[in-house]
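Student: Supplied in structure tokens, the structure appears directly below.
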Amino acid sequence: MPLLARMVACPLTVDVSSGAVAALPAILSDGRISAQGHVAVVVGPGQGEEVIAVVSPALENAAVHPVEGGTLQAALDLADSLRAGSYDAVVGIGGGRTLDVAKYAAGLTGLPMVAVATNLAHDGIASPVASLEHDGRKGSYGVPIPIAVVVDLDYVRRCPPEQLRSGLGDALSNLSALADWELASRERGEPLDGLAAALARAGAESLLHRADPLDSDAFLTALAEALVLSGLAMAVAGSSRPCSGACHEISHAIDALYPGDSTHGEQVAVGALFASFLRGGELAGALDDTLRRYEVARLPADLGLTAEQFAAAVAAAPGTRPDRYTILEHLDLDEDQIRSRVEGFVAAFDR
């Protein structure tokens with residue numbers, strides 16, 4: 001069973017393997033987490049419920065807390081339930097929404113948290129951020145990173161391929177985000193954390209030239225570790241800077257202007273490719289090759305957007321993160337220039 005240990009802010013143990021869930025009772029009874037297994041298990045719908053059904057016979061001292069939806073209120077309600085009990089740790093089992101609710105509630109109650117991910121759709125598995133809905137809008141909240149991450153490839157492989165493609169798009173977008181960070185460092189003297197940048201880059205580059213099948217153990221392991229490294233990069237940097245640049249600004253603008261069915265990872269993949277096109281150089285071609293090879297969204301039409309709609313999102317993007325300097329702020333294009341660049345982008349990659 002491969003184990004990857006990192007020391008960043010606190011010890012983080014990562015177990016990525018087939019059959020990893022079978023080791024969960026032993027992990028939760030580890031003296032560093034809870035010697036007697038007194039843990040609160042936060043379970044999301046779907047595979048999360050299946051996982052707890054498999055391991056619950058061996059977790060005699062655990063209490064299960066079902067949650068649905070990734071809202072701030074759900075996290076606050078969960079925190080109240082945790083305070084009413086006596087637990088050594090919180091264990092989140094499920095997808096991103098469930099893990100974010102568990103992370104936020106654990107942070108409020110001062111409990112360590114273990115993340116058991118049943119999909120690889122985004123880089124929030126081990127990140128110091130919980131994305132939660134409140135009053136119809138999604139916000140980002142700072143949280144402690146998990147002390148352990150468990151990813152069972154058998155469960156991940158059963159997820160829709162679109163989720164894996166979303167995770168791949170999110171991981172690869174780091175390369176564009178890092179280019180924006182370097183630009184801000186050159187142009188504005190913004191401090192650039194070398195360790196955070198190295199962690200974010202290592203995960204993304206491990207995926208950039210792969211050709212193995214999307215559902216292979218080797219690819220899924222590389223994707224899981226890349227997404228965890230993204231979380232660690234953000235923890236080191238103290239912000240989302242190493243993993244969020246123009247690509248994420250564009251995604252936030254799309255969410256605000258054209259909420260629909262496209263995933264976060266798909267949106268940042270298209271945003272990263274467009275931002276790399278604006279910067280010029282070799283990254284755009286390498287990103288396009290990988291996204292195309294794994295059938296990840298590359299163009300506005302892949303998100304259900306027209307070129308005009310995408311241009312409107314690009315124009316609105318800098319307003320989503322006024323404190324962030326990226327290629328969009330650097331070029332400071334007007335609306336006509338943006339439309340022209342978007343048309344050039346589509347013409348260059350629509351083949």
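Letters for chains follow the order of the structure tokens (A, B, ...), residue numbers begin at 1 for each chain, and ligand numbers begin at 1 in the order shown.
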Residues of segment 11-145 of chain A in strand (DSSP E or B) according to DSSP, as a ChimeraX atom specification?
Tutor: /A:11-17,39-43,63-66,71,89-94,113-117,129-134,137-142
Student: Counting only C-alpha atoms, what is within 7 Å of Ser131 of chain A, bar same-chain residues fewer than 6 positions away, as a VMD selection string?
Tutor: chain A and resid 100 138 to 141
Student: Let's see if you can do this: from backbone DSSP, list all helix (DSSP H, G or I) residues in segment 92-166 of chain A, as JSON, numbers by chain.
Tutor: {"A": [96, 97, 98, 99, 100, 101, 102, 103, 104, 105, 106, 107, 108, 109, 153, 154, 155, 156, 161, 162, 163, 164, 165, 166]}
Student: Wanna dump the segment 123-204 of chain A-segment 214-224 of chain A contacts at 9 Å for me, each residue with its shortest atom pair and the distance in Å to one decimal, counting only C-alpha atoms, ordered by chain and number, as a Markdown table?
Tutor:
| residue | atom | partner | partner_atom | distance |
| --- | --- | --- | --- | --- |
| A:Asp123 | CA | A:Ala224 | CA | 8.8 |
| A:Ile125 | CA | A:Ala224 | CA | 8.9 |
| A:Val151 | CA | A:Ala224 | CA | 7.5 |
| A:Leu153 | CA | A:Leu220 | CA | 7.0 |
| A:Val156 | CA | A:Leu220 | CA | 8.2 |
| A:Arg157 | CA | A:Asp215 | CA | 6.0 |
| A:Pro161 | CA | A:Leu214 | CA | 7.9 |
| A:Leu164 | CA | A:Leu214 | CA | 7.5 |
| A:Arg165 | CA | A:Leu214 | CA | 8.3 |
| A:Gly167 | CA | A:Leu223 | CA | 7.4 |
| A:Leu168 | CA | A:Leu223 | CA | 6.7 |
| A:Ala171 | CA | A:Leu223 | CA | 7.7 |
| A:Gly203 | CA | A:Ala222 | CA | 7.6 |
| A:Ala204 | CA | A:Leu223 | CA | 8.6 |
Student: Mind checking which residues fall within 8 Å of segment 238-241 of chain A, counting only C-alpha atoms, ignoring those fewer than 5 positions away in the same chain, and posting them as a ChimeraX atom specification?
Tutor: /A:177-178,181
Student: Using only C-alpha atoms, determine which residues lie at most 8 Å from Val64 of chain A, disregarding the query and same-chain residues fewer than 3 positions distant; provide the list as a PyMOL selection string.
Tutor: chain A and resi 40-43
Student: Here is a test: counting only C-alpha atoms, which residue of A:Ser86, A:Leu199, A:Ser176, A:Val114 is nearest to Asp30 of chain A?
Tutor: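 Smallest separation from Asp30 of chain A among the options: A:Val114.
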Student: Name the closest residue to Tyr294 of chain A among the candidates A:Pro146, A:Gly231, A:Pro213, A:Gly31; distances are taken between atoms, counting only C-alpha atoms.
Tutor: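 Among the listed residues, the smallest separation from Tyr294 of chain A belongs to A:Pro213.
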Student: Which value, in Å to one decimal, gives the distance between atom CA of Val91 of chain A and atom CA of Tyr104 of chain A?
Tutor: 11.9 Å
Student: Between atom CA of Val296 of chain A and atom CA of Gly169 of chain A, what is the distance, to one decimal in Å?
Tutor: 6.8 Å
Student: Pick out the residues sitting within 8 Å of Leu287 of chain A, and hand them over as a PyMOL selection string; count only C-alpha atoms, and ignore anything fewer than 5 positions along from it in its own chain.
Tutor: chain A and resi 172+208+273
Student: Compile the contact shell of segment 281-286 of chain A as number ranges by chain: residues with an atom at most 9 Å away, counting only C-alpha atoms, same-chain residues fewer than 3 positions apart removed.
Tutor: A: 175-176, 208-209, 272-278, 289-291
Student: Once you have the residues from the selection above, write them out as an mmCIF file, in the first residue's frame, restricted to all heavy atoms.
Tutor:
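Below is the file that was written, again-v2.cif:
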data_model
loop_
_atom_site.group_PDB
_atom_site.id
_atom_site.type_symbol
_atom_site.label_atom_id
_atom_site.label_comp_id
_atom_site.auth_asym_id
_atom_site.auth_seq_id
_atom_site.Cartn_x
_atom_site.Cartn_y
_atom_site.Cartn_z
ATOM 1 N N LEU A 175 -0.410 25.293 -13.929
ATOM 2 C CA LEU A 175 0.694 25.792 -14.745
ATOM 3 C C LEU A 175 0.412 27.210 -15.226
ATOM 4 O O LEU A 175 1.323 28.052 -15.291
ATOM 5 C CB LEU A 175 0.928 24.851 -15.928
ATOM 6 C CG LEU A 175 1.339 23.426 -15.528
ATOM 7 C CD1 LEU A 175 1.382 22.520 -16.743
ATOM 8 C CD2 LEU A 175 2.695 23.441 -14.820
ATOM 9 N N SER A 176 -0.831 27.490 -15.554
ATOM 10 C CA SER A 176 -1.207 28.849 -15.941
ATOM 11 C C SER A 176 -1.199 29.777 -14.728
ATOM 12 O O SER A 176 -0.734 30.920 -14.810
ATOM 13 C CB SER A 176 -2.592 28.834 -16.600
ATOM 14 O OG SER A 176 -3.016 30.143 -16.926
ATOM 15 N N LEU A 208 1.134 16.326 -17.373
ATOM 16 C CA LEU A 208 1.115 17.077 -18.621
ATOM 17 C C LEU A 208 1.364 16.236 -19.862
ATOM 18 O O LEU A 208 0.740 16.464 -20.898
ATOM 19 C CB LEU A 208 2.134 18.218 -18.548
ATOM 20 C CG LEU A 208 2.099 19.228 -19.694
ATOM 21 C CD1 LEU A 208 0.733 19.890 -19.796
ATOM 22 C CD2 LEU A 208 3.190 20.289 -19.507
ATOM 23 N N HIS A 209 2.244 15.267 -19.770
ATOM 24 C CA HIS A 209 2.589 14.497 -20.976
ATOM 25 C C HIS A 209 2.204 13.023 -20.857
ATOM 26 O O HIS A 209 2.759 12.177 -21.568
ATOM 27 C CB HIS A 209 4.087 14.623 -21.265
ATOM 28 C CG HIS A 209 4.519 16.044 -21.509
ATOM 29 N ND1 HIS A 209 4.121 16.761 -22.612
ATOM 30 C CD2 HIS A 209 5.291 16.880 -20.765
ATOM 31 C CE1 HIS A 209 4.640 17.977 -22.562
ATOM 32 N NE2 HIS A 209 5.355 18.069 -21.449
ATOM 33 N N ALA A 272 -7.417 28.352 -18.436
ATOM 34 C CA ALA A 272 -5.958 28.214 -18.464
ATOM 35 C C ALA A 272 -5.436 28.199 -19.888
ATOM 36 O O ALA A 272 -4.391 28.788 -20.188
ATOM 37 C CB ALA A 272 -5.544 26.936 -17.737
ATOM 38 N N LEU A 273 -6.149 27.510 -20.782
ATOM 39 C CA LEU A 273 -5.709 27.465 -22.175
ATOM 40 C C LEU A 273 -5.797 28.854 -22.797
ATOM 41 O O LEU A 273 -4.877 29.283 -23.522
ATOM 42 C CB LEU A 273 -6.562 26.461 -22.954
ATOM 43 C CG LEU A 273 -6.120 26.184 -24.395
ATOM 44 C CD1 LEU A 273 -4.684 25.663 -24.442
ATOM 45 C CD2 LEU A 273 -7.065 25.183 -25.064
ATOM 46 N N PHE A 274 -6.867 29.588 -22.521
ATOM 47 C CA PHE A 274 -7.002 30.938 -23.068
ATOM 48 C C PHE A 274 -5.924 31.863 -22.496
ATOM 49 O O PHE A 274 -5.298 32.630 -23.240
ATOM 50 C CB PHE A 274 -8.388 31.501 -22.754
ATOM 51 C CG PHE A 274 -8.575 32.916 -23.224
ATOM 52 C CD1 PHE A 274 -8.624 33.207 -24.581
ATOM 53 C CD2 PHE A 274 -8.690 33.959 -22.311
ATOM 54 C CE1 PHE A 274 -8.786 34.519 -25.028
ATOM 55 C CE2 PHE A 274 -8.854 35.272 -22.750
ATOM 56 C CZ PHE A 274 -8.899 35.552 -24.108
ATOM 57 N N ALA A 275 -5.691 31.802 -21.186
ATOM 58 C CA ALA A 275 -4.673 32.655 -20.579
ATOM 59 C C ALA A 275 -3.287 32.343 -21.141
ATOM 60 O O ALA A 275 -2.475 33.243 -21.370
ATOM 61 C CB ALA A 275 -4.682 32.486 -19.057
ATOM 62 N N SER A 276 -3.020 31.058 -21.387
ATOM 63 C CA SER A 276 -1.730 30.668 -21.962
ATOM 64 C C SER A 276 -1.614 31.149 -23.399
ATOM 65 O O SER A 276 -0.528 31.525 -23.857
ATOM 66 C CB SER A 276 -1.575 29.146 -21.897
ATOM 67 O OG SER A 276 -1.629 28.692 -20.550
ATOM 68 N N PHE A 277 -2.730 31.149 -24.121
ATOM 69 C CA PHE A 277 -2.755 31.708 -25.481
ATOM 70 C C PHE A 277 -2.414 33.196 -25.444
ATOM 71 O O PHE A 277 -1.647 33.696 -26.282
ATOM 72 C CB PHE A 277 -4.139 31.486 -26.089
ATOM 73 C CG PHE A 277 -4.404 32.248 -27.357
ATOM 74 C CD1 PHE A 277 -3.879 31.829 -28.566
ATOM 75 C CD2 PHE A 277 -5.205 33.394 -27.332
ATOM 76 C CE1 PHE A 277 -4.127 32.531 -29.737
ATOM 77 C CE2 PHE A 277 -5.460 34.112 -28.499
ATOM 78 C CZ PHE A 277 -4.920 33.675 -29.699
ATOM 79 N N LEU A 278 -2.958 33.926 -24.465
ATOM 80 C CA LEU A 278 -2.662 35.349 -24.346
ATOM 81 C C LEU A 278 -1.186 35.595 -24.054
ATOM 82 O O LEU A 278 -0.595 36.561 -24.557
ATOM 83 C CB LEU A 278 -3.500 35.974 -23.224
ATOM 84 C CG LEU A 278 -5.014 36.078 -23.434
ATOM 85 C CD1 LEU A 278 -5.658 36.721 -22.212
ATOM 86 C CD2 LEU A 278 -5.338 36.876 -24.689
ATOM 87 N N ASP A 289 -2.590 19.815 -26.098
ATOM 88 C CA ASP A 289 -2.359 18.405 -26.436
ATOM 89 C C ASP A 289 -2.916 17.485 -25.341
ATOM 90 O O ASP A 289 -3.558 16.474 -25.636
ATOM 91 C CB ASP A 289 -0.861 18.144 -26.617
ATOM 92 C CG ASP A 289 -0.317 18.750 -27.903
ATOM 93 O OD1 ASP A 289 -1.124 19.102 -28.784
ATOM 94 O OD2 ASP A 289 0.920 18.887 -28.014
ATOM 95 N N THR A 290 -2.634 17.823 -24.087
ATOM 96 C CA THR A 290 -3.075 16.955 -22.985
ATOM 97 C C THR A 290 -4.591 17.013 -22.811
ATOM 98 O O THR A 290 -5.245 15.980 -22.627
ATOM 99 C CB THR A 290 -2.382 17.350 -21.676
ATOM 100 O OG1 THR A 290 -0.961 17.326 -21.865
ATOM 101 C CG2 THR A 290 -2.747 16.385 -20.555
ATOM 102 N N LEU A 291 -5.144 18.209 -22.856
ATOM 103 C CA LEU A 291 -6.597 18.335 -22.717
ATOM 104 C C LEU A 291 -7.316 17.594 -23.841
ATOM 105 O O LEU A 291 -8.328 16.919 -23.626
ATOM 106 C CB LEU A 291 -7.000 19.810 -22.714
ATOM 107 C CG LEU A 291 -6.477 20.657 -21.543
ATOM 108 C CD1 LEU A 291 -6.840 22.126 -21.737
ATOM 109 C CD2 LEU A 291 -7.017 20.147 -20.219
#
Student: In terms of the shortest atom-to-atom distance over only C-alpha atoms, which of A:Leu305, A:Gly260, A:Gly19, A:Val90 is closest to Val55 of chain A?
Tutor: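 When distances to Val55 of chain A are compared using only C-alpha atoms, the smallest one comes from A:Gly19.
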Student: So, with only C-alpha atoms as the atoms that count, which of A:Asp152, A:Ala79, A:Gln47, A:Leu120 lies closest to Ala23 of chain A?
Tutor: A:Asp152
Student: If I take atom CA of Leu192 of chain A and atom CA of Val14 of chain A, how far is one from the other in Å, to one decimal?
Tutor: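 Pair atom CA of Leu192 of chain A / atom CA of Val14 of chain A returns 26.3 Å.
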Student: Could you tell me which of A:Leu72, A:Leu24, A:Leu328, A:Val149 comes closest to Pro57 of chain A if we count only C-alpha atoms?
Tutor: A:Leu24
